[in-house]
Structures are given as structure tokens and as C-alpha cells.
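Chemist: mmCIF, C-alpha atoms, saved as protein.cif, coming up:
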```cif
data_my_file
loop_
_atom_site.label_atom_id
_atom_site.label_comp_id
_atom_site.auth_asym_id
_atom_site.auth_seq_id
_atom_site.Cartn_x
_atom_site.Cartn_y
_atom_site.Cartn_z
CA MET A 1 90.78 47.73 86.24
CA THR A 2 94.15 47.53 87.98
CA SER A 3 97.28 48.97 86.48
CA THR A 4 98.73 45.49 85.94
CA ALA A 5 95.79 44.53 83.78
CA LEU A 6 96.29 47.31 81.28
CA ASP A 7 97.76 46.34 77.91
CA ARG A 8 100.59 48.40 76.45
CA LYS A 9 98.40 50.28 73.95
CA THR A 10 95.84 51.29 76.58
CA THR A 11 98.62 52.39 78.93
CA LEU A 12 100.28 54.55 76.27
CA VAL A 13 96.98 56.12 75.19
CA SER A 14 96.08 56.74 78.83
CA ILE A 15 99.41 58.44 79.45
CA GLY A 16 98.80 60.57 76.35
CA ILE A 17 95.36 61.63 77.60
CA ILE A 18 96.75 62.43 81.03
CA GLY A 19 99.56 64.39 79.36
CA LEU A 20 96.92 66.50 77.59
CA MET A 21 95.24 67.09 80.93
CA PHE A 22 98.52 68.23 82.48
CA PHE A 23 99.07 70.59 79.53
CA ILE A 24 95.67 72.15 80.20
CA PHE A 25 96.41 72.35 83.94
CA GLY A 26 99.58 74.24 83.13
CA PHE A 27 98.00 76.60 80.63
CA VAL A 28 95.14 77.60 82.92
CA SER A 29 97.28 77.78 86.08
CA TRP A 30 100.40 79.60 84.93
CA VAL A 31 98.55 82.33 83.07
CA ASN A 32 98.08 83.72 86.60
CA ALA A 33 101.65 85.02 86.34
CA ILE A 34 100.32 87.59 83.85
CA LEU A 35 96.88 88.02 85.44
CA ILE A 36 98.40 89.19 88.74
CA PRO A 37 100.23 92.29 87.40
CA TYR A 38 97.50 92.80 84.76
CA PHE A 39 94.68 92.94 87.34
CA LYS A 40 96.90 95.03 89.63
CA ILE A 41 96.92 97.73 86.95
CA ALA A 42 93.42 97.31 85.49
CA CYS A 43 91.62 96.98 88.84
CA GLU A 44 93.96 99.36 90.73
CA LEU A 45 95.11 96.90 93.41
CA SER A 46 97.80 96.67 96.08
CA ASN A 47 100.36 93.83 96.10
CA PHE A 48 98.24 91.96 98.65
CA GLN A 49 95.03 92.40 96.66
CA SER A 50 96.68 91.33 93.40
CA TYR A 51 97.89 88.05 94.94
CA LEU A 52 94.27 87.20 95.75
CA VAL A 53 94.33 85.92 92.16
CA ALA A 54 96.51 83.02 93.29
CA PHE A 55 94.59 82.70 96.57
CA ALA A 56 91.16 82.42 94.93
CA PHE A 57 92.46 79.97 92.33
CA TYR A 58 94.36 77.64 94.65
CA ILE A 59 92.29 77.77 97.85
CA SER A 60 89.80 75.59 95.98
CA TYR A 61 92.31 72.74 96.30
CA LEU A 62 91.99 72.92 100.10
CA LEU A 63 88.21 73.26 100.15
CA MET A 64 87.23 70.93 97.30
CA SER A 65 89.76 68.06 97.27
CA MET A 66 87.90 65.71 99.61
CA PRO A 67 84.52 66.46 97.95
CA ALA A 68 86.28 65.70 94.65
CA SER A 69 87.29 62.22 95.90
CA TYR A 70 83.67 61.47 96.79
CA ILE A 71 82.44 62.77 93.41
CA LEU A 72 84.90 60.44 91.69
CA LYS A 73 83.72 57.55 93.81
CA LYS A 74 80.11 58.21 92.81
CA LEU A 75 80.56 59.16 89.15
CA GLY A 76 83.64 57.15 88.20
CA TYR A 77 86.78 58.54 86.63
CA LYS A 78 85.52 59.37 83.13
CA ASN A 79 82.34 61.11 84.22
CA GLY A 80 84.33 62.87 86.91
CA ILE A 81 86.83 64.16 84.34
CA MET A 82 84.01 65.38 82.11
CA VAL A 83 82.36 67.22 85.02
CA GLY A 84 85.74 68.70 85.99
CA PHE A 85 86.26 70.17 82.53
CA TRP A 86 82.71 71.53 82.49
CA ILE A 87 83.21 73.25 85.86
CA MET A 88 86.38 74.83 84.48
CA ALA A 89 84.46 75.99 81.39
CA MET A 90 81.91 77.70 83.64
CA GLY A 91 84.69 79.42 85.57
CA ALA A 92 86.29 80.76 82.39
CA LEU A 93 82.91 82.07 81.23
CA LEU A 94 82.53 84.11 84.43
CA PHE A 95 85.37 86.32 83.17
CA VAL A 96 82.92 87.86 80.68
CA PRO A 97 80.54 89.57 83.15
CA ALA A 98 83.51 90.32 85.42
CA ALA A 99 85.25 92.21 82.61
CA TYR A 100 82.16 94.18 81.55
CA GLY A 101 81.70 95.37 85.12
CA ARG A 102 85.45 95.56 85.89
CA THR A 103 84.47 93.71 89.06
CA TYR A 104 87.45 92.09 90.73
CA LEU A 105 85.26 89.97 93.04
CA ILE A 106 83.60 88.22 90.07
CA PHE A 107 87.02 87.56 88.57
CA LEU A 108 87.99 85.90 91.85
CA VAL A 109 84.82 83.78 91.80
CA GLY A 110 85.67 82.72 88.25
CA LEU A 111 89.19 81.81 89.32
CA PHE A 112 87.85 79.80 92.28
CA THR A 113 85.50 77.94 89.93
CA LEU A 114 88.37 77.20 87.53
CA GLY A 115 90.35 75.90 90.48
CA THR A 116 87.45 73.71 91.61
CA GLY A 117 87.34 71.97 88.23
CA LEU A 118 91.11 71.59 88.28
CA THR A 119 90.92 70.04 91.76
CA LEU A 120 88.72 67.27 90.42
CA LEU A 121 90.98 66.71 87.42
CA GLN A 122 94.22 66.85 89.42
CA THR A 123 92.93 64.22 91.85
CA VAL A 124 92.38 61.86 88.93
CA ALA A 125 95.45 62.68 86.89
CA ASN A 126 98.10 62.49 89.61
CA LEU A 127 96.69 59.22 90.93
CA TYR A 128 96.58 57.73 87.43
CA ILE A 129 100.12 58.63 86.49
CA THR A 130 101.46 57.38 89.83
CA LEU A 131 99.72 53.99 89.64
CA ILE A 132 100.00 53.17 85.92
CA GLY A 133 103.24 51.29 85.29
CA GLU A 134 106.19 50.29 87.45
CA LYS A 135 106.37 51.88 90.90
CA GLU A 136 110.10 52.61 90.55
CA ARG A 137 109.43 54.67 87.40
CA ALA A 138 106.64 56.79 88.89
CA ALA A 139 108.90 59.86 89.26
CA GLN A 140 109.96 59.40 85.63
CA ARG A 141 106.33 59.39 84.45
CA ILE A 142 105.51 62.37 86.65
CA SER A 143 108.48 64.17 85.09
CA MET A 144 106.96 63.56 81.64
CA MET A 145 103.68 65.05 82.85
CA GLY A 146 105.63 67.95 84.32
CA ILE A 147 107.04 68.77 80.90
CA CYS A 148 103.49 68.92 79.53
CA ASN A 149 102.44 71.14 82.45
CA LYS A 150 105.39 73.51 82.43
CA GLY A 151 105.56 73.57 78.62
CA ALA A 152 102.04 74.96 78.69
CA GLY A 153 103.17 77.29 81.45
CA ILE A 154 105.86 78.71 79.17
CA LEU A 155 103.35 79.31 76.39
CA ALA A 156 100.47 80.62 78.51
CA PRO A 157 101.97 83.95 79.72
CA LEU A 158 103.48 84.63 76.29
CA ILE A 159 100.27 83.86 74.38
CA PHE A 160 98.06 85.66 76.88
CA SER A 161 100.28 88.75 76.96
CA TYR A 162 100.38 88.75 73.14
CA VAL A 163 96.57 88.69 73.04
CA ILE A 164 95.83 91.30 75.70
CA LEU A 165 98.82 93.66 75.67
CA ARG A 166 99.63 96.28 73.03
CA PRO A 167 103.00 97.91 72.16
CA GLN A 168 101.67 101.29 73.26
CA ASP A 169 100.57 100.03 76.68
CA ASN A 170 103.81 101.15 78.34
CA THR A 171 102.86 104.74 77.54
CA LEU A 172 99.34 104.14 78.85
CA PHE A 173 100.58 102.65 82.13
CA ASN A 174 102.91 105.61 82.70
CA GLN A 175 100.10 108.11 82.06
CA LEU A 176 97.43 106.53 84.27
CA GLU A 177 98.31 108.36 87.48
CA ALA A 178 98.25 111.73 85.69
CA MET A 179 94.81 111.15 84.14
CA ASP A 180 91.63 112.57 85.59
CA GLU A 181 89.24 110.03 87.17
CA LEU A 182 86.92 109.72 84.15
CA SER A 183 89.70 109.30 81.58
CA ARG A 184 91.45 106.72 83.77
CA ALA A 185 88.21 104.76 84.22
CA ILE A 186 87.62 104.68 80.44
CA ALA A 187 91.19 103.54 79.78
CA LEU A 188 91.02 100.80 82.43
CA ASP A 189 87.63 99.61 81.18
CA GLU A 190 89.08 99.19 77.70
CA LEU A 191 92.08 97.36 79.15
CA ILE A 192 90.06 94.83 81.15
CA LEU A 193 87.64 94.07 78.29
CA ARG A 194 90.53 92.50 76.37
CA VAL A 195 90.11 89.30 78.43
CA VAL A 196 86.55 88.67 77.17
CA TRP A 197 87.08 86.82 73.94
CA PRO A 198 90.16 84.79 75.03
CA TYR A 199 88.30 83.36 78.02
CA THR A 200 85.17 82.78 75.96
CA VAL A 201 87.26 80.64 73.59
CA VAL A 202 88.91 78.85 76.53
CA SER A 203 85.46 78.06 77.97
CA GLY A 204 84.29 76.45 74.74
CA VAL A 205 87.48 74.41 74.34
CA LEU A 206 87.28 73.09 77.92
CA PHE A 207 83.66 72.01 77.41
CA LEU A 208 84.53 70.08 74.23
CA ILE A 209 87.56 68.39 75.80
CA GLY A 210 85.35 67.11 78.62
CA VAL A 211 83.07 65.45 76.08
CA LEU A 212 86.00 63.92 74.15
CA VAL A 213 87.63 62.43 77.27
CA LYS A 214 84.29 60.89 78.28
CA PHE A 215 84.30 58.82 75.08
CA SER A 216 88.02 57.95 75.14
CA ILE A 217 89.52 54.57 76.07
CA LEU A 218 90.86 55.87 79.39
CA PRO A 219 90.31 52.95 81.81
CA GLU A 220 88.98 52.87 85.35
CA LEU A 221 91.53 52.02 88.06
CA ASP A 222 90.44 49.76 90.89
CA GLN A 223 92.45 50.04 94.10
CA GLN A 224 90.67 47.78 96.55
CA GLU A 225 93.57 45.93 98.18
CA ALA A 226 94.53 46.54 101.81
CA PRO A 227 97.34 49.01 102.53
CA ILE A 228 100.86 47.65 102.97
CA VAL A 229 103.53 48.54 105.52
CA ASP A 230 106.92 46.79 105.52
CA GLY A 231 105.58 44.19 103.10
CA GLN A 232 102.64 43.30 105.37
CA ARG A 233 98.97 44.01 104.62
CA ILE A 234 97.47 45.95 107.52
CA ASN A 235 94.17 47.41 108.63
CA LYS A 236 93.99 51.20 108.86
CA LYS A 237 90.97 53.25 109.89
CA GLY A 238 91.78 56.36 107.91
CA ILE A 239 94.36 58.23 105.88
CA PHE A 240 95.60 60.21 108.89
CA GLN A 241 97.12 56.99 110.24
CA PHE A 242 99.72 57.20 107.44
CA PRO A 243 102.34 59.71 108.68
CA HIS A 244 104.32 59.63 105.43
CA LEU A 245 101.15 60.66 103.57
CA VAL A 246 100.15 63.47 105.95
CA LEU A 247 103.70 64.83 106.08
CA GLY A 248 103.81 64.49 102.28
CA ALA A 249 100.69 66.66 101.96
CA LEU A 250 102.42 69.34 104.04
CA ALA A 251 105.50 68.94 101.83
CA ILE A 252 103.31 69.48 98.74
CA PHE A 253 101.77 72.56 100.42
CA LEU A 254 105.18 74.15 101.00
CA HIS A 255 106.71 72.98 97.73
CA VAL A 256 103.99 74.37 95.45
CA GLY A 257 104.05 77.59 97.46
CA THR A 258 107.74 78.04 96.68
CA GLN A 259 107.06 77.19 93.06
CA VAL A 260 104.28 79.70 92.54
CA ILE A 261 106.19 82.43 94.42
CA ALA A 262 109.16 81.91 92.10
CA ILE A 263 106.91 82.19 89.03
CA ASP A 264 104.09 84.58 89.94
CA THR A 265 106.13 87.22 91.81
CA ILE A 266 109.08 87.56 89.46
CA ILE A 267 107.41 90.13 87.18
CA ASN A 268 106.58 92.47 90.07
CA TYR A 269 110.06 91.92 91.55
CA ALA A 270 111.71 92.84 88.25
CA GLY A 271 109.32 95.79 88.07
CA SER A 272 110.81 97.10 91.32
CA MET A 273 114.09 97.36 89.37
CA GLY A 274 112.50 99.47 86.63
CA LEU A 275 111.51 96.72 84.18
CA SER A 276 108.06 97.30 82.62
CA LEU A 277 105.37 94.63 82.36
CA LEU A 278 105.99 94.29 78.62
CA GLU A 279 109.73 93.84 79.21
CA ALA A 280 109.30 91.42 82.13
CA LYS A 281 106.49 89.28 80.68
CA ALA A 282 108.89 86.47 79.63
CA LEU A 283 110.48 86.00 83.07
CA PRO A 284 107.93 83.41 84.31
CA SER A 285 108.68 81.42 81.15
CA TYR A 286 112.38 81.38 82.05
CA THR A 287 111.58 79.83 85.44
CA LEU A 288 109.31 77.27 83.79
CA THR A 289 112.02 76.47 81.24
CA ALA A 290 114.39 75.71 84.12
CA THR A 291 111.70 73.44 85.57
CA ILE A 292 111.42 71.57 82.27
CA CYS A 293 115.18 71.05 82.33
CA GLY A 294 114.74 69.51 85.76
CA TYR A 295 112.04 67.18 84.46
CA LEU A 296 114.27 66.12 81.57
CA CYS A 297 116.99 65.25 84.08
CA GLY A 298 114.46 63.13 85.95
CA ILE A 299 113.47 61.23 82.81
CA VAL A 300 117.11 60.49 82.00
CA LEU A 301 118.40 59.76 85.51
CA ILE A 302 115.50 57.98 87.29
CA PRO A 303 115.72 55.08 88.03
CA LYS A 304 118.77 54.01 85.98
CA ILE A 305 121.33 56.34 87.54
CA CYS A 306 119.70 57.52 90.77
CA SER A 307 116.63 56.59 92.80
CA GLN A 308 113.56 58.75 93.40
CA ARG A 309 114.66 59.22 97.02
CA LEU A 310 118.19 60.36 96.14
CA ALA A 311 116.87 62.83 93.55
CA LEU A 312 114.48 64.29 96.13
CA LYS A 313 117.26 64.73 98.69
CA PHE A 314 119.56 66.49 96.22
CA CYS A 315 116.86 68.80 94.88
CA THR A 316 115.59 69.92 98.28
CA ILE A 317 119.13 70.88 99.33
CA LEU A 318 119.72 72.68 96.02
CA GLY A 319 116.42 74.54 96.39
CA LEU A 320 117.41 75.68 99.88
CA MET A 321 120.77 76.95 98.63
CA LEU A 322 119.18 78.90 95.76
CA ALA A 323 116.58 80.43 98.11
CA LEU A 324 119.37 81.64 100.38
CA LEU A 325 121.13 83.17 97.38
CA VAL A 326 117.93 84.97 96.33
CA CYS A 327 117.75 86.58 99.77
CA THR A 328 121.43 87.43 100.26
CA SER A 329 123.07 87.99 96.86
CA HIS A 330 123.53 91.40 95.23
CA GLY A 331 124.95 92.65 91.97
CA SER A 332 123.76 93.65 88.53
CA VAL A 333 123.92 91.00 85.79
CA TYR A 334 123.20 91.61 82.09
CA PHE A 335 121.67 88.46 80.60
CA LEU A 336 119.13 87.77 77.83
CA ASN A 337 119.01 91.50 77.00
CA LYS A 338 118.02 92.37 80.56
CA ASP A 339 120.09 94.20 83.18
CA LEU A 340 118.80 92.88 86.52
CA ASP A 341 120.01 92.04 89.99
CA ILE A 342 121.51 88.54 90.15
CA SER A 343 118.82 87.51 92.66
CA VAL A 344 116.29 87.52 89.81
CA TRP A 345 118.27 84.83 88.01
CA PHE A 346 118.48 82.75 91.18
CA ILE A 347 114.67 82.91 91.34
CA VAL A 348 114.63 81.59 87.78
CA LEU A 349 116.99 78.75 88.74
CA ILE A 350 114.71 77.63 91.61
CA GLY A 351 112.57 76.10 88.87
CA LEU A 352 115.29 73.48 88.25
CA PRO A 353 115.16 71.58 91.57
CA ASN A 354 111.44 72.25 92.03
CA ALA A 355 110.69 69.88 89.15
CA LEU A 356 111.95 66.75 90.86
CA ILE A 357 110.70 67.76 94.31
CA TRP A 358 107.12 67.38 93.07
CA ALA A 359 107.97 64.21 91.18
CA GLY A 360 109.71 62.75 94.24
CA ILE A 361 107.04 63.48 96.84
CA TRP A 362 104.06 61.88 95.08
CA PRO A 363 105.18 58.24 94.79
CA LEU A 364 106.75 58.28 98.26
CA ALA A 365 103.64 59.75 99.89
CA LEU A 366 101.25 57.28 98.16
CA GLU A 367 103.40 54.22 98.81
CA GLY A 368 101.49 51.32 100.38
CA LEU A 369 98.10 53.07 100.66
CA GLY A 370 96.10 50.40 98.79
CA SER A 371 92.37 51.13 99.06
CA TYR A 372 93.15 54.54 100.56
CA ALA A 373 94.90 55.70 97.38
CA LYS A 374 92.02 57.92 96.16
CA GLN A 375 91.66 59.67 99.50
CA GLY A 376 95.44 59.90 99.77
CA SER A 377 95.61 61.55 96.36
CA ALA A 378 92.87 63.98 97.41
CA LEU A 379 94.83 64.86 100.56
CA LEU A 380 97.94 65.58 98.50
CA ILE A 381 95.87 67.73 96.14
CA MET A 382 94.70 69.68 99.19
CA GLY A 383 98.36 70.54 99.62
CA LEU A 384 98.13 72.57 96.42
CA SER A 385 96.41 75.21 98.52
CA GLY A 386 99.97 76.27 99.35
CA ASN A 387 99.75 78.07 96.02
CA ALA A 388 97.03 80.21 97.60
CA VAL A 389 98.44 80.86 101.05
CA LEU A 390 102.17 81.41 100.55
CA PRO A 391 101.94 84.02 97.72
CA LEU A 392 99.45 85.91 99.89
CA LEU A 393 101.89 85.87 102.81
CA TYR A 394 104.60 87.00 100.39
CA GLY A 395 102.33 89.88 99.28
CA LEU A 396 101.70 90.95 102.90
CA TRP A 397 105.43 90.88 103.62
CA ALA A 398 106.18 92.77 100.39
CA ASP A 399 103.69 95.52 101.29
CA ALA A 400 104.98 95.76 104.87
CA VAL A 401 108.71 95.71 104.07
CA ASP A 402 109.75 95.30 100.42
CA VAL A 403 109.44 92.79 97.59
CA ARG A 404 112.98 91.45 98.04
CA SER A 405 112.87 90.80 101.80
CA ALA A 406 109.63 88.87 101.33
CA TYR A 407 111.60 86.05 99.65
CA TRP A 408 112.85 84.98 103.10
CA ILE A 409 109.54 83.10 103.29
CA LEU A 410 111.14 80.47 101.03
CA ILE A 411 113.74 79.41 103.61
CA PRO A 412 111.56 77.57 106.17
CA CYS A 413 109.68 75.94 103.30
CA PHE A 414 112.81 74.38 101.86
CA LEU A 415 114.07 73.39 105.32
CA TYR A 416 110.93 71.29 105.83
CA LEU A 417 111.30 69.77 102.37
CA VAL A 418 114.83 68.69 103.29
CA PHE A 419 113.38 67.02 106.41
CA TYR A 420 110.76 65.16 104.38
CA ALA A 421 113.32 64.00 101.82
CA PHE A 422 115.67 62.58 104.46
CA LYS A 423 113.28 61.46 107.22
CA GLY A 424 109.60 62.28 106.79
CA HIS A 425 108.80 59.95 103.88
CA ARG A 426 110.09 56.94 105.86
CA LEU A 427 107.81 57.41 108.87
CA ARG A 428 105.15 54.69 109.22
CA THR A 429 104.11 55.58 112.78
CA TRP A 430 103.59 58.88 114.55
CA ASN A 431 106.22 57.80 117.07
CA ILE A 432 109.21 59.40 115.34
CA PHE A 433 111.61 57.59 117.65
CA ASN A 434 110.38 54.13 116.58
CA LYS A 435 113.40 52.13 115.46
CA GLN A 436 111.48 50.77 112.43
CA ASN A 437 111.38 54.22 110.83
#
```
Would you give me this structure, written as C-alpha cells?

Modeler:
Amino acid sequence: MTSTALDRKTTLVSIGIIGLMFFIFGFVSWVNAILIPYFKIACELSNFQSYLVAFAFYISYLLMSMPASYILKKLGYKNGIMVGFWIMAMGALLFVPAAYGRTYLIFLVGLFTLGTGLTLLQTVANLYITLIGEKERAAQRISMMGICNKGAGILAPLIFSYVILRPQDNTLFNQLEAMDELSRAIALDELILRVVWPYTVVSGVLFLIGVLVKFSILPELDQQEAPIVDGQRINKKGIFQFPHLVLGALAIFLHVGTQVIAIDTIINYAGSMGLSLLEAKALPSYTLTATICGYLCGIVLIPKICSQRLALKFCTILGLMLALLVCTSHGSVYFLNKDLDISVWFIVLIGLPNALIWAGIWPLALEGLGSYAKQGSALLIMGLSGNAVLPLLYGLWADAVDVRSAYWILIPCFLYLVFYAFKGHRLRTWNIFNKQN
């Protein structure tokens, strides 16, 4: 069924179902902001090793996106969604044996499996929300989904930390280095076992949601028409003949990397200033709140006041300016009962422009793909592997120099995003000097 054939009720219900999916994406993904410092303590890891949490979770997007597009082609959307949720359920369940053995490798396998299921679901969900409804309002709809995603992201670290952390844990963390080997092992075993029942519950919920979506009224989308360039239907032999798509996938790679660095590193960065895990646990939620504010701006402003393209240009420039301020600004600021360097609050503010960067890239990168839309969506999802690679590079830099200097990695990322916003999305041939661009 094409998007134009959907009646209003089916469209609204479909958007609601996809919104639920984005909420789940957010909850499962952004809990990593707590898992990284939590595993660093419980499994006695370095900065680099702790950021393998993000690497294992998000590298699945690079490895499994194209297989996901073929699975969807064979199974259809609904069966594909069901299988995606079931794969995620299996990944969550792997946390149980990992916790009982305090085996970091099994945790990473569980995270990779969770990411594999999410890859399948993200390929469906982002394509759906881009194609359902008017093309000019795609960024507006993506902004709505972003609120669901980041709203869950605000809740996830707070709920997870409430479940697994205790008021007396600050004392425990301070005493660990002074403990003998046996006492420390017992204490860390008790700490890691706290993840067992939460992830067992998550596994069961994910399995049931897969069944419910299978029997919902979510329609199939049929994108069989030829791709379009400059209003003309054309013949293309593959997705790599669409420069705006390929460059868009790289833009997604760099954008999500900046996003996850701003969220997943902020607790450790604040920790370098003397803030404990219990005191810093809300910081990722502040960044996600700023992102939600950005999405709300997108809903209000696009397309009535500004276009998707203009919003993308403004936000990439703003993101670059904030990244520069993170790297260069100094000075203590007391805000929200926390006395921290001002650079921490600039990291929080990066969430604001990041919202509409994601929402701006998707519709521009998928424009005119026609029958290549599924593969194009899968290629963009592969870009989410930036969440795996860039935090790991940040961790290497942080170990080699310090956690603050490592934020310079954000600068080249935002410079490329500025290029894509102003030039890259308009390219329809690999000859960048072609006058038609």
C-alpha cells in the first residue's frame, strides 16, 4: 500500500505505533549512558573498555542494516517488526548469564544482539515515518518521533539508576580500591547482579510487543516506482549512484556520533570534576531534554515558518559553535544544584540543535529514491554505527590525553554536517562541479 492510499485513521494509528517503537528505541538505547559508568565500576574497566558498551550496541547497525533490508523484503514489514522485537528480547535475556558470571564479553554480545533487533526495527520505522504523509512535513513527523525517543531517553537513565543504585553506593565506590581482592570481588558480584531482574522484565515486554504489533493494523508500504531526479524518472543501477544518499549516510554517521558523545560521556566528564555517579546520573537527561526542546521547535516551525533545509543549515552551524565552546570555554557555573565547569552545560546544549539535524537529514537523503527507498533507509541506518565508532575514539583520546581534550573530536564532525546542509544534500551526480547541483 502506498502512503497516498492510507486513510486518515490508518495513518494516525500507524504513526502511534511507530511512536511506540521510537519510545522503545530510546529506552533501550539511552540506558547505555548509565551502563557505561556502571560497567566501568562493576567490571573494573578503563575508559576505552567501558565505551565498548556503545561500540557493541551500535556496530550492529553497520553490520546488520543491509541484511535487515533483505529480511524485510522476504518477511514483510509486520513479520519483520515482530522478529526484530524477538531478537531484542533475546539480547536482553543474555544479561542474566552475563551478570551471574560477571562476564563483560557476554554483556557485549547481549548488547550487540539488542542492537541487531533495533537495526531491523529502525529500518522500518524511519522509512515509514518519512514516507507516510506530505513530503514537506517529514521533518515535522520525525520531530514527533524524536520526542518519543528522547522522552524515553530521559526516563531510562533515571529509572535504571533508581532500580540498580543504592544511596549507600557512594561509600561502596570509595572503598573499593582499599578492599582486599576477595571482598572487592564479592561486592562487585552483588553490584552486577542487580541488572538481572530488570533485563528479564525488559525481555518479556519486548517479546509481547512483537506479538501485538504483528496483529495491529500497521499497513505495508509499497515503493515500486522509479527514482526521480529533477522531476524526471530515471534508471539507476544501485543506491551508490545517489550522492545525496551516500553523503547523507556519512552525515548520519557523524551526527549520531556527536549525539551519543554528548550524552554517554557527560557522566564521566562530570566525574573528572569530582561529581559522583549518583550525583551525575541526571546529566544525560538534561541533554535529552534539550533535544526534546529542539524537536518541539521543529514541530512548531516546520514547514510554516522555515523549511527543512533552512532548519538543517541553522542547526549544523549552532552545533559547531557549541562544540567549539565545549573545547575552549572555562569557568565554574552553579546551576541545578551542581557546581560544574561551564563546558558541561555547553555539552547539554548540544542536544538542542542535534534534534533537527537528524530530522533534516532523513527526508533530504531519501528524496527521489523511489524503489530504492528500502535500501536507502538501510544505508542511512548503517550510519548509526557512528554511535559505536566515535565514542570509542573519544575513549582512546580521553585515556591518552584527558576527558576534556577528547571533545575536539566533535569539531570535524560538525564541519562536515555544515557541508551537507549547504551543499551535500543537493548533489545528484558525483561530479561536484556539475552546474545542475

Chemist: Atom CA of Gly386 of chain A and atom CA of Val256 of chain A, how far apart in Å?

Modeler: 5.9 Å

Chemist: For Asn126 of chain A, which residue among A:Cys327, A:Leu52, A:Ala373, A:Ile186 is the nearest when counting all atoms listed in the file?

Modeler: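 Counting all atoms listed in the file, the residue closest to Asn126 of chain A is A:Ala373.
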
Chemist: Go through the shown structure with the PyMOL selection byres ((chain A and resi 273) around 12) and write out the matching residues as a compact mmCIF listing (two decimals) with C-alpha atoms, in the frame of the given file.

Modeler:
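In the end it all went to expr.txt:
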```txt
# COMPACT_ATOMS: atom_id res chain seq x y z
CA ILE A 266 109.08 87.56 89.46
CA ILE A 267 107.41 90.13 87.18
CA ASN A 268 106.58 92.47 90.07
CA TYR A 269 110.06 91.92 91.55
CA ALA A 270 111.71 92.84 88.25
CA GLY A 271 109.32 95.79 88.07
CA SER A 272 110.81 97.10 91.32
CA GLY A 274 112.50 99.47 86.63
CA LEU A 275 111.51 96.72 84.18
CA SER A 276 108.06 97.30 82.62
CA LEU A 277 105.37 94.63 82.36
CA GLU A 279 109.73 93.84 79.21
CA ALA A 280 109.30 91.42 82.13
CA SER A 332 123.76 93.65 88.53
CA LYS A 338 118.02 92.37 80.56
CA ASP A 339 120.09 94.20 83.18
CA LEU A 340 118.80 92.88 86.52
CA ASP A 341 120.01 92.04 89.99
CA ILE A 342 121.51 88.54 90.15
CA SER A 343 118.82 87.51 92.66
CA VAL A 344 116.29 87.52 89.81
CA VAL A 403 109.44 92.79 97.59
CA ARG A 404 112.98 91.45 98.04
```

Chemist: If the PyMOL selection byres ((chain A and resi 313-322) around 6) were run on this exact file, what residues would it hold? Put them as a PyMOL selection string.

Modeler: chain A and resi 310-312+323-325+350+353+414+417-418+421

Chemist: Determine the nearest neighbour of Gly351 of chain A from the options A:Ala262, A:Ile147, A:Leu131, A:Ile106, counting only C-alpha atoms.

Modeler: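 Among A:Ala262, A:Ile147, A:Leu131, A:Ile106, it is A:Ala262 that comes nearest to Gly351 of chain A.
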
Chemist: Return as a ChimeraX atom specification the set of residues that the PyMOL selection byres ((chain A and resi 114-122) around 9) yields on the displayed structure.

Modeler: /A:21-22,25,28-29,56-65,67-69,71-72,80-92,109-113,123-127,377-378,381-382,384

Chemist: Restricting the calculation to all atoms listed in the file, which member of A:Thr265, A:Ser143, A:Asn79, A:Ser329 is positioned closest to Leu392 of chain A?

Modeler: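 Between A:Thr265, A:Ser143, A:Asn79, A:Ser329, the residue approaching Leu392 of chain A most closely is A:Thr265.
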
Chemist: When you draw a straight line from atom CA of Leu93 of chain A to atom CA of Val196 of chain A, how long is it in Å?

Modeler: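 Those two atoms sit 8.6 Å apart.
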